[in-house]
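Listing of upload.cif; format and content: mmCIF, C-alpha atoms.
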data_target
loop_
_atom_site.label_atom_id
_atom_site.label_comp_id
_atom_site.auth_asym_id
_atom_site.auth_seq_id
_atom_site.Cartn_x
_atom_site.Cartn_y
_atom_site.Cartn_z
CA MET R 325 122.01 131.68 267.33
CA HIS R 326 123.60 130.80 264.02
CA GLU R 327 121.67 131.01 260.82
CA PRO R 328 122.39 128.43 258.13
CA ARG R 329 125.33 129.29 255.95
CA THR R 330 125.53 128.51 252.30
CA VAL R 331 127.90 125.96 250.81
CA GLN R 332 129.44 127.10 247.56
CA SER R 333 129.12 124.76 244.63
CA VAL R 334 132.43 123.57 243.20
CA ASP R 335 133.24 123.98 239.56
CA GLY R 336 136.52 122.13 239.42
CA TRP R 337 137.67 118.88 237.89
CA HIS R 338 139.68 116.12 239.49
CA ARG R 339 142.11 114.49 237.02
CA PRO R 340 139.83 115.07 234.02
CA GLY R 341 142.28 113.40 231.62
CA LEU R 342 142.15 110.16 233.59
CA ALA R 343 138.35 110.33 233.80
CA VAL R 344 137.99 110.82 230.05
CA THR R 345 140.46 108.00 229.34
CA VAL R 346 138.61 105.55 231.59
CA ALA R 347 135.25 106.60 230.14
CA ALA R 348 136.57 106.20 226.60
CA ALA R 349 137.76 102.67 227.41
CA VAL R 350 134.35 101.86 228.91
CA ALA R 351 132.73 103.35 225.79
CA VAL R 352 134.69 100.97 223.55
CA VAL R 353 133.70 97.96 225.67
CA LEU R 354 130.05 99.06 225.74
CA ALA R 355 129.99 99.71 221.98
CA ILE R 356 131.35 96.22 221.25
CA ALA R 357 128.83 94.66 223.66
CA TYR R 358 125.85 96.72 222.46
CA LEU R 359 126.58 96.01 218.79
CA GLY R 360 126.27 92.31 219.62
CA LEU R 361 122.81 92.70 221.16
CA HIS R 362 119.71 91.49 219.36
CA ARG R 363 118.05 93.96 216.95
CA GLU R 364 114.45 94.90 216.30
CA GLU R 365 113.88 91.96 213.94
CA ALA R 366 114.64 89.36 216.63
CA GLY R 367 111.90 87.05 217.86
CA LEU R 368 110.35 87.37 221.28
CA PRO R 369 112.24 85.44 223.99
CA GLN R 370 110.61 82.30 225.40
CA ILE R 371 109.96 83.91 228.79
CA ALA R 372 108.13 86.86 227.21
CA ARG R 373 105.96 84.58 225.05
CA HIS R 374 105.20 82.43 228.09
CA ALA R 375 104.10 85.53 230.02
CA MET R 376 101.78 86.55 227.16
CA GLU R 377 100.29 83.05 227.12
CA ILE R 378 99.59 82.72 230.84
CA ALA R 379 98.37 86.33 231.40
CA LEU R 380 94.72 85.48 230.76
CA PRO R 381 94.36 81.81 231.79
CA THR R 382 96.37 82.03 235.03
CA TRP R 383 95.96 85.64 236.13
CA GLY R 384 92.90 86.89 234.23
CA THR R 385 94.57 90.15 233.22
CA THR R 386 94.99 91.66 229.76
CA GLU R 387 98.07 93.67 230.77
CA ALA R 388 101.08 91.49 230.09
CA VAL R 389 103.56 93.90 231.70
CA ASN R 390 101.53 93.96 234.91
CA GLU R 391 101.38 90.18 234.84
CA ILE R 392 105.20 90.07 234.70
CA VAL R 393 105.72 92.79 237.33
CA TYR R 394 103.44 91.22 239.94
CA GLY R 395 103.10 87.67 238.61
CA SER R 396 105.85 85.92 236.67
CA ARG R 397 108.59 88.07 238.17
CA GLY R 398 106.71 88.95 241.35
CA PHE R 399 109.62 87.89 243.52
CA ASP R 400 111.86 90.39 241.72
CA THR R 401 109.31 93.13 242.43
CA PHE R 402 109.16 91.90 246.01
CA GLY R 403 112.93 92.38 246.27
CA GLY R 404 112.75 95.79 244.58
CA THR R 405 110.04 96.91 246.99
CA PHE R 406 112.07 96.00 250.02
CA LEU R 407 115.16 97.61 248.52
CA LEU R 408 113.10 100.80 248.28
CA LEU R 409 112.02 100.30 251.90
CA ALA R 410 115.66 99.83 252.95
CA ALA R 411 116.60 103.03 251.12
CA VAL R 412 113.77 104.94 252.83
CA VAL R 413 114.91 103.65 256.23
CA SER R 414 118.47 104.74 255.37
CA VAL R 415 117.31 108.22 254.34
CA THR R 416 115.20 108.51 257.50
CA THR R 417 118.16 107.50 259.64
CA LEU R 418 120.60 109.80 257.85
CA THR R 419 118.29 112.80 257.93
CA ARG R 420 117.14 112.31 261.51
CA SER R 421 117.26 115.56 263.43
CA ARG R 422 118.82 115.96 266.84
CA GLU R 423 115.42 116.48 268.42
CA PRO R 424 112.34 114.40 267.64
CA ARG R 425 109.92 116.22 265.38
CA ASP R 426 106.30 115.73 264.46
CA GLU R 427 106.52 117.29 261.01
CA TYR R 428 109.06 117.09 258.22
CA VAL R 429 109.27 120.74 257.16
CA GLY R 430 108.50 124.09 258.72
CA GLU R 431 108.30 122.95 262.32
CA ALA R 432 111.90 123.86 263.16
CA THR R 433 111.45 127.41 261.87
CA ALA R 434 108.28 127.82 263.89
CA GLY R 435 109.99 126.43 266.99
CA ARG R 436 112.94 128.79 266.60
CA ARG R 437 110.61 131.79 266.47
CA GLU R 438 108.77 130.61 269.55
CA GLN R 439 112.02 130.11 271.40
CA GLN R 440 113.15 133.63 270.56
CA ARG R 441 109.85 135.00 271.79
CA VAL R 442 109.85 133.09 275.07
CA GLY R 443 113.39 133.87 276.05
CA ALA R 444 116.65 134.89 274.46
CA PRO R 445 119.58 132.59 275.22
CA THR R 446 121.31 133.83 278.39
CA GLY R 447 123.68 131.00 279.18
CA THR R 448 126.81 132.62 277.78
CA ASP R 449 129.46 134.41 279.80
CA ARG R 450 131.19 137.64 278.87
CA GLY R 451 134.17 135.94 277.20
CA GLU R 452 132.03 133.86 274.90
CA ARG R 453 129.87 136.83 273.95
CA THR R 454 132.99 138.85 273.11
CA ALA R 455 134.40 136.00 271.04
CA ARG R 456 131.13 135.47 269.21
CA SER R 457 130.66 139.15 268.41
CA ALA R 458 134.26 139.33 267.17
CA GLU R 459 133.65 136.28 265.01
CA ALA R 460 130.44 137.76 263.66
CA GLU R 461 132.31 140.94 262.73
CA GLU R 462 135.02 138.94 261.01
CA ASP R 463 132.58 136.89 259.04
CA GLU R 464 131.52 139.28 256.34
CA GLU R 465 129.70 136.61 254.38
CA GLU R 466 127.16 136.01 257.13
CA ASP R 467 123.70 135.86 255.60
CA PRO R 468 121.00 138.14 256.99
CA PRO R 469 118.56 136.15 259.12
CA LEU R 470 115.69 134.60 257.22
CA PRO R 471 112.49 136.60 257.49
CA ASP R 472 109.42 135.03 258.98
CA PRO R 473 107.95 133.26 255.92
CA ASP R 474 104.38 133.96 256.97
CA SER R 475 104.94 137.72 257.19
CA LEU R 476 106.09 138.00 253.58
CA PRO R 477 103.50 139.11 251.03
CA LEU R 478 102.36 136.34 248.73
CA GLY R 479 104.14 136.28 245.41
CA ASP R 480 107.19 137.92 246.93
CA ARG R 481 110.44 137.81 244.99
CA ALA R 482 112.18 134.82 246.57
CA PRO R 483 109.26 132.41 246.47
CA GLU R 484 111.23 129.74 248.32
CA ARG R 485 111.13 131.90 251.46
CA ALA R 486 107.47 132.83 251.19
CA ALA R 487 105.05 130.30 252.60
CA ALA R 488 103.01 130.15 249.42
CA MET R 489 103.04 131.17 245.76
CA THR R 490 100.75 133.60 243.97
CA VAL R 491 97.01 133.08 243.79
CA PHE R 492 97.34 131.77 240.21
CA VAL R 493 99.76 129.05 241.20
CA ARG R 494 97.77 128.15 244.30
CA THR R 495 94.51 127.88 242.39
CA ALA R 496 96.11 125.87 239.61
CA ALA R 497 97.72 123.49 242.10
CA ARG R 498 94.44 123.03 244.01
CA THR R 499 92.59 122.40 240.75
CA ALA R 500 95.15 119.99 239.33
CA ALA R 501 95.70 117.99 242.52
CA VAL R 502 92.28 116.31 242.60
CA PRO R 503 92.18 115.03 238.97
CA LEU R 504 95.82 113.94 239.29
CA ALA R 505 95.02 111.96 242.44
CA VAL R 506 91.98 110.35 240.84
CA ALA R 507 93.97 109.51 237.70
CA GLY R 508 96.77 107.98 239.77
CA VAL R 509 94.46 105.76 241.79
CA TYR R 510 92.42 104.87 238.67
CA LEU R 511 95.51 103.66 236.81
CA MET R 512 96.37 101.41 239.73
CA ALA R 513 92.82 100.21 240.40
CA TRP R 514 92.06 99.15 236.84
CA GLY R 515 95.54 97.92 236.09
CA TYR R 516 95.75 99.84 232.83
CA THR R 517 99.29 100.95 233.39
CA PRO R 518 102.52 99.01 233.26
CA GLY R 519 103.60 98.52 236.84
CA GLY R 520 100.28 99.55 238.40
CA GLY R 521 101.17 100.73 241.87
CA PHE R 522 104.66 102.03 241.03
CA PRO R 523 103.67 104.92 238.73
CA ALA R 524 100.49 105.53 240.72
CA GLY R 525 102.50 105.89 243.94
CA ALA R 526 104.93 108.22 242.20
CA ALA R 527 101.98 110.32 240.96
CA LEU R 528 100.61 110.63 244.50
CA THR R 529 104.04 111.70 245.76
CA GLY R 530 104.11 114.28 242.99
CA ILE R 531 100.81 115.69 244.28
CA ALA R 532 102.24 116.06 247.80
CA VAL R 533 105.28 117.88 246.40
CA LEU R 534 103.08 120.06 244.17
CA LEU R 535 100.93 121.10 247.12
CA TYR R 536 104.02 121.79 249.24
CA ALA R 537 105.59 123.91 246.51
CA ALA R 538 102.42 125.87 245.80
CA LEU R 539 100.80 126.23 249.22
CA GLY R 540 103.67 125.94 251.70
CA HIS R 541 104.34 123.46 254.46
CA ARG R 542 101.01 124.01 256.21
CA ALA R 543 99.20 122.33 253.31
CA VAL R 544 101.14 119.10 253.76
CA ARG R 545 100.94 119.02 257.54
CA ALA R 546 99.06 115.73 257.20
CA ALA R 547 102.19 114.15 255.71
CA ARG R 548 103.96 113.71 259.03
CA PRO R 549 106.34 110.91 260.05
CA GLY R 550 103.95 109.56 262.68
CA LEU R 551 101.38 108.82 259.97
CA LEU R 552 103.43 107.95 256.87
CA GLU R 553 105.84 105.51 258.50
CA PRO R 554 103.20 103.14 259.97
CA VAL R 555 101.20 103.29 256.71
CA GLU R 556 104.30 102.36 254.72
CA MET R 557 105.00 99.44 257.04
CA PHE R 558 101.37 98.36 256.62
CA GLY R 559 101.87 98.28 252.82
CA ALA R 560 105.02 96.19 253.24
CA ALA R 561 103.20 93.82 255.60
CA VAL R 562 100.36 93.36 253.08
CA ILE R 563 102.87 92.40 250.37
CA ILE R 564 104.50 89.81 252.65
CA GLY R 565 101.03 88.58 253.66
CA ILE R 566 99.94 88.05 250.02
CA GLY R 567 103.05 86.00 249.37
CA LEU R 568 102.74 83.91 252.51
CA VAL R 569 99.04 83.13 251.93
CA GLY R 570 99.99 81.91 248.44
CA LEU R 571 102.69 79.75 250.01
CA ALA R 572 100.21 78.26 252.48
CA VAL R 573 97.30 77.79 250.07
CA ASP R 574 99.02 76.80 246.84
CA GLY R 575 102.56 75.89 247.90
CA SER R 576 104.24 78.76 246.05
CA PHE R 577 105.22 82.25 247.22
CA LEU R 578 103.19 85.06 245.54
CA VAL R 579 101.04 82.62 243.53
CA ASN R 580 97.52 83.76 242.63
CA TRP R 581 95.13 82.38 245.25
CA LEU R 582 92.14 84.60 244.47
CA PRO R 583 89.40 83.43 242.08
CA LEU R 584 89.70 84.84 238.55
CA ALA R 585 87.26 87.66 237.76
CA PRO R 586 86.07 88.59 234.22
CA GLN R 587 88.83 90.34 232.31
CA GLN R 588 89.04 94.16 232.23
CA THR R 589 87.17 94.60 235.49
CA ILE R 590 88.52 96.06 238.70
CA ARG R 591 88.98 92.61 240.24
CA SER R 592 90.61 90.95 237.21
CA GLY R 593 94.15 89.89 237.96
CA GLY R 594 93.51 88.26 241.34
CA THR R 595 96.37 88.91 243.74
CA LEU R 596 98.02 91.17 241.12
CA GLN R 597 95.58 93.91 242.06
CA VAL R 598 96.15 93.50 245.81
CA PHE R 599 99.92 93.48 245.28
CA SER R 600 99.60 96.57 243.08
CA ALA R 601 97.52 98.41 245.69
CA ALA R 602 100.00 97.55 248.45
CA GLU R 603 102.79 98.72 246.13
CA LEU R 604 100.95 102.04 245.68
CA ILE R 605 100.93 102.54 249.47
CA GLU R 606 104.54 101.45 249.78
CA VAL R 607 105.93 103.57 246.92
CA GLY R 608 103.73 106.61 247.59
CA CYS R 609 104.61 106.76 251.30
CA GLY R 610 108.25 105.82 250.77
CA LEU R 611 108.98 108.48 248.16
CA THR R 612 107.07 111.11 250.16
CA ILE R 613 109.06 110.27 253.30
CA ALA R 614 112.34 110.42 251.38
CA ILE R 615 111.56 113.76 249.68
CA PHE R 616 110.23 115.52 252.78
CA ALA R 617 113.04 114.13 254.95
CA LEU R 618 115.55 115.62 252.48
CA LEU R 619 113.64 118.94 252.36
CA GLY R 620 113.58 119.10 256.16
CA MET R 621 117.34 118.61 256.53
CA GLU R 622 118.21 122.24 255.85
CA HIS R 623 116.95 123.29 259.27
CA ASP R 624 119.38 121.14 261.18
CA TRP R 625 122.72 122.74 260.51
CA ALA R 626 125.13 122.39 263.38
CA ALA R 627 126.68 125.59 264.67
CA PRO R 628 130.38 125.74 263.72
CA ASP R 629 131.56 125.89 267.32
CA ASP R 630 129.49 122.89 268.35
CA ALA R 631 130.83 120.86 265.47
CA ALA R 632 134.43 121.66 266.40
CA GLY R 633 133.90 121.24 270.12
CA SER R 634 132.14 117.88 270.21
CA GLY R 635 134.04 116.42 267.27
CA ALA R 636 130.74 115.54 265.65
CA MET U 287 117.95 101.50 213.21
CA ILE U 288 117.55 100.63 216.87
CA VAL U 289 121.35 100.28 217.10
CA ALA U 290 121.52 104.08 217.23
CA ASN U 291 119.53 103.92 220.49
CA TYR U 292 121.98 101.38 221.92
CA LEU U 293 124.96 103.55 221.03
CA VAL U 294 123.31 106.69 222.45
CA ALA U 295 122.63 104.76 225.68
CA GLY U 296 126.32 103.84 225.80
CA ALA U 297 127.34 107.46 225.17
CA VAL U 298 125.02 108.74 227.93
CA PHE U 299 126.45 106.14 230.30
CA CYS U 300 130.00 107.30 229.54
CA LEU U 301 129.06 110.98 229.97
CA GLY U 302 127.73 110.10 233.42
CA LEU U 303 130.93 108.18 234.14
CA VAL U 304 133.07 111.20 233.21
CA ALA U 305 131.04 113.31 235.66
CA VAL U 306 131.38 110.72 238.44
CA LEU U 307 135.13 110.28 237.96
CA GLY U 308 136.11 113.80 237.04
CA ARG U 309 133.87 116.29 238.82
CA ARG U 310 134.60 117.42 242.38
CA ASP U 311 131.15 118.71 243.33
CA LEU U 312 129.23 115.95 245.14
CA VAL U 313 125.91 117.05 243.66
CA LYS U 314 127.35 116.85 240.15
CA ILE U 315 128.72 113.39 240.93
CA ILE U 316 125.21 112.31 241.96
CA MET U 317 123.83 113.85 238.76
CA GLY U 318 126.38 111.78 236.84
CA LEU U 319 125.21 108.61 238.60
CA SER U 320 121.63 109.54 237.76
CA LEU U 321 122.65 109.95 234.11
CA MET U 322 124.25 106.48 234.15
CA GLU U 323 121.00 105.05 235.55
CA SER U 324 118.97 106.83 232.87
CA SER U 325 121.10 105.31 230.13
CA THR U 326 120.02 101.84 231.28
CA TYR U 327 116.35 102.86 230.94
CA LEU U 328 116.98 103.90 227.34
CA LEU U 329 118.84 100.66 226.66
CA LEU U 330 116.17 98.41 228.20
CA VAL U 331 113.27 100.11 226.43
CA SER U 332 115.18 100.04 223.14
CA LEU U 333 115.90 96.34 223.60
CA ALA U 334 112.19 95.73 224.13
CA TYR U 335 111.34 97.35 220.77
CA ARG U 336 110.32 95.07 217.89
CA LYS U 337 109.74 96.25 214.34
CA GLY U 338 106.05 96.58 213.46
CA SER U 339 104.97 95.34 216.87
CA THR U 340 102.16 96.44 219.19
CA ALA U 341 102.16 97.05 222.92
CA PRO U 342 102.03 93.85 225.02
CA VAL U 343 98.39 94.45 225.90
CA LEU U 344 95.57 91.99 225.18
CA ALA U 345 92.74 94.53 225.43
CA GLY U 346 91.38 97.08 222.94
CA ARG U 347 92.08 94.84 219.94
CA PRO U 348 90.85 95.79 216.43
CA SER U 349 87.87 93.93 215.00
CA GLY U 350 88.66 90.54 213.49
CA VAL U 351 91.66 89.98 215.76
CA SER U 352 91.21 87.50 218.56
CA GLN U 353 93.10 87.59 221.86
CA SER U 354 94.85 84.41 220.83
CA ASP U 355 96.21 86.23 217.75
CA LEU U 356 97.55 88.96 220.03
CA VAL U 357 99.19 86.41 222.34
CA HIS U 358 101.07 84.90 219.41
CA GLY U 359 101.52 88.11 217.42
CA ASP U 360 104.32 90.67 217.27
CA VAL U 361 104.55 92.59 220.53
CA ALA U 362 107.23 94.59 222.30
CA ASP U 363 109.09 92.53 224.90
CA PRO U 364 107.16 92.94 228.19
CA VAL U 365 109.92 91.39 230.31
CA LEU U 366 112.39 94.14 229.42
CA GLN U 367 109.74 96.78 230.11
CA ASN U 368 109.40 95.23 233.58
CA PHE U 369 113.21 95.48 234.02
CA CYS U 370 112.98 99.18 233.16
CA LEU U 371 110.26 99.76 235.79
CA THR U 372 112.34 98.01 238.44
CA ALA U 373 115.41 100.00 237.40
CA ILE U 374 113.54 103.31 237.75
CA VAL U 375 112.33 102.49 241.27
CA ILE U 376 115.78 101.40 242.41
CA GLY U 377 117.37 104.43 240.73
CA VAL U 378 115.10 106.78 242.69
CA ALA U 379 115.84 104.98 245.96
CA VAL U 380 119.61 105.06 245.43
CA THR U 381 119.58 108.74 244.40
CA ALA U 382 117.64 109.63 247.58
CA VAL U 383 120.22 107.90 249.77
CA PHE U 384 123.11 109.59 247.93
CA LEU U 385 121.51 113.01 248.31
CA ALA U 386 120.95 112.46 252.05
CA VAL U 387 124.62 111.48 252.44
CA ALA U 388 125.69 114.53 250.41
CA VAL U 389 123.70 116.90 252.66
CA ARG U 390 125.21 115.32 255.78
CA ILE U 391 128.72 115.68 254.28
CA ALA U 392 127.98 119.31 253.45
CA GLN U 393 126.86 119.93 257.04
CA HIS U 394 129.87 118.17 258.51
CA TYR U 395 132.64 119.49 256.26
CA ARG U 396 130.90 122.74 255.22
CA SER U 397 131.85 121.82 251.68
CA VAL U 398 130.57 119.72 248.80
CA ASP U 399 134.03 119.43 247.27
CA ALA U 400 135.10 115.79 247.11
CA ASP U 401 138.72 116.92 247.51
CA ASP U 402 137.94 118.34 250.98
CA ILE U 403 136.66 115.04 252.34
CA ARG U 404 139.83 113.40 253.52
CA GLU U 405 139.21 112.39 257.12
CA LEU U 406 139.56 108.67 256.37
CA ARG U 407 142.83 109.17 254.52
CA GLY U 408 145.60 107.08 256.06
#
As structure tokens - that is how I would like this structure written.
Amino acid sequence: MHEPRTVQSVDGWHRPGLAVTVAAAVAVVLAIAYLGLHREEAGLPQIARHAMEIALPTWGTTEAVNEIVYGSRGFDTFGGTFLLLAAVVSVTTLTRSREPRDEYVGEATAGRREQQRVGAPTGTDRGERTARSAEAEEDEEEDPPLPDPDSLPLGDRAPERAAAMTVFVRTAARTAAVPLAVAGVYLMAWGYTPGGGFPAGAALTGIAVLLYAALGHRAVRAARPGLLEPVEMFGAAVIIGIGLVGLAVDGSFLVNWLPLAPQQTIRSGGTLQVFSAAELIEVGCGLTIAIFALLGMEHDWAAPDDAAGSGA
Amino acid sequence: MIVANYLVAGAVFCLGLVAVLGRRDLVKIIMGLSLMESSTYLLLVSLAYRKGSTAPVLAGRPSGVSQSDLVHGDVADPVLQNFCLTAIVIGVAVTAVFLAVAVRIAQHYRSVDADDIRELRG
């Protein structure tokens, strides 16, 4: 059984003179272009003024940025959302482990311990054992095996190997998580934030990461691929559905087809609010999948011999 | 002097470019790309700034100011703020994909040195 080895970071440069020359040339071009941009005294462009004018009569919202994100430029947001979905699918594919797993992090370590308890590997012959022991002797940089994270005392030096942080950190994380979650959902629900669902989804992802960092992988066991991936697809389907209903009802994709509610209420904004809520699901699940998939990759290092033998 | 913001955005972009072109560590290259993305956020938000303007919000207005005054008054450009939001989301997505590729390269080559990754070289 091979424990993960470390990869040394590299401190070198590759043709630094060329890099600086190219960057300096780009800097000159950018400086010329940027100096020609409009300044702070310029008037508002027509499209921005138009968005301010239609925010209340057409969409019933007082938040002009939200009106642009999900209304005037809703199709752009639609594209951005599905670009995020494509990136999440790419990360999921790239980080996929060799065996199917139910959880993102921690499960592989637990499985390895169980395997060691049930039976040590016996399928090697004498020659291979000799070669492996010789290799292990040669390799002086071999790391000591990782200790069982749950047997370490809390607040151990090397917090990344302990399952949880000290009682102060755990209590603070538990206390902060609930108001943060409420604040995130509130900002989306009342539309008082530019972008609505985008920052709210990022805030919810931040809570998942906070709980993982403070309490260990057991606290985020609910965030498993079997749950997050269907929920994310549901969010994406809702966004497509909103657009298609608008196309069917009013002849235009992503047009507002809900009746206008009084301004500054939870329903004001019509389909903006539904789009924003679907975006919260989409962004929150997508970023959580991407982060936990990346965190879970460290457990899937190929043994050096396997990599050489199979050409993988 | 909002021009200073533009020039700083250009300088940050070029610093990121130096890291992408010149560094050999894949993680530092990704950090350089992230820096280049961040420079566009600074540029877009600076472009949205208008002197003496308010936020593009039609609620919470002071007494004596109607919503129609706000619609036609001086506000920061909401369209460019929207661009910035979109850019942040796409920047996060792209960085996640790059990091996943970097971890796979590190597992395959046992190195994060761009000079070691030469299998496709003709």
For the file shown, report as a PDB file with C-alpha atoms, in the coordinates of the input the outcome of the PyMOL selection byres ((chain U) within 6 of (chain R)) at residue level.
ATOM      1  CA  CYS U 300     130.000 107.300 229.540  1.00  0.00           C
ATOM      2  CA  VAL U 304     133.070 111.200 233.210  1.00  0.00           C
ATOM      3  CA  LEU U 307     135.130 110.280 237.960  1.00  0.00           C
ATOM      4  CA  GLY U 308     136.110 113.800 237.040  1.00  0.00           C
ATOM      5  CA  ARG U 309     133.870 116.290 238.820  1.00  0.00           C
ATOM      6  CA  ARG U 310     134.600 117.420 242.380  1.00  0.00           C
ATOM      7  CA  ASP U 311     131.150 118.710 243.330  1.00  0.00           C
ATOM      8  CA  TYR U 335     111.340  97.350 220.770  1.00  0.00           C
ATOM      9  CA  ARG U 336     110.320  95.070 217.890  1.00  0.00           C
ATOM     10  CA  LYS U 337     109.740  96.250 214.340  1.00  0.00           C
ATOM     11  CA  PRO U 342     102.030  93.850 225.020  1.00  0.00           C
ATOM     12  CA  VAL U 343      98.390  94.450 225.900  1.00  0.00           C
ATOM     13  CA  LEU U 344      95.570  91.990 225.180  1.00  0.00           C
ATOM     14  CA  ALA U 345      92.740  94.530 225.430  1.00  0.00           C
ATOM     15  CA  VAL U 357      99.190  86.410 222.340  1.00  0.00           C
ATOM     16  CA  PRO U 364     107.160  92.940 228.190  1.00  0.00           C
ATOM     17  CA  VAL U 365     109.920  91.390 230.310  1.00  0.00           C
ATOM     18  CA  ASN U 368     109.400  95.230 233.580  1.00  0.00           C
ATOM     19  CA  ALA U 379     115.840 104.980 245.960  1.00  0.00           C
ATOM     20  CA  VAL U 383     120.220 107.900 249.770  1.00  0.00           C
ATOM     21  CA  SER U 397     131.850 121.820 251.680  1.00  0.00           C
TER      22      SER U 397
END
Contacts of Leu329 (chain U) at 6 Å (all atoms listed in the file; same-chain gap of 2+ positions) as a PyMOL selection string: chain U and resi 292+295+326-327+331-332
Point-to-point distance in Å for CA of Ser325 (chain U) and CA of Phe616 (chain R): 27.1 Å
Distance in Å - CA of His541 (chain R) versus CA of Val429 (chain R): 6.2 Å
Distance in Å - CA of Gly540 (chain R) versus CA of Gln440 (chain R): 22.5 Å
Hits from the PyMOL selection byres ((chain R and resi 529) around 8), listed as a list in words: Gly525, Ala526, Ala527, Leu528, Gly530, Ile531, Ala532, Val533, Gly608, Cys609, Leu611 and Thr612 of chain R
Excluding Thr499 (chain R) and residues on its chain fewer than 5 positions from it, collect all residues at most 12 Å away from it, counting all atoms listed in the file, and give them as a tab-separated table (two decimals) with C-alpha atoms, in the coordinates of the input.
chain	number	residue	atom	x	y	z
R	491	VAL	CA	97.01	133.08	243.79
R	492	PHE	CA	97.34	131.77	240.21
R	493	VAL	CA	99.76	129.05	241.20
R	494	ARG	CA	97.77	128.15	244.30
R	504	LEU	CA	95.82	113.94	239.29
R	505	ALA	CA	95.02	111.96	242.44
R	531	ILE	CA	100.81	115.69	244.28
R	534	LEU	CA	103.08	120.06	244.17
R	535	LEU	CA	100.93	121.10	247.12
R	538	ALA	CA	102.42	125.87	245.80
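Of the listed residues U:Leu319, U:Val387, U:Leu312, U:Leu333, the one whose atoms come nearest to Met287 (chain U) is U:Leu333, with distances taken using all atoms listed in the file.
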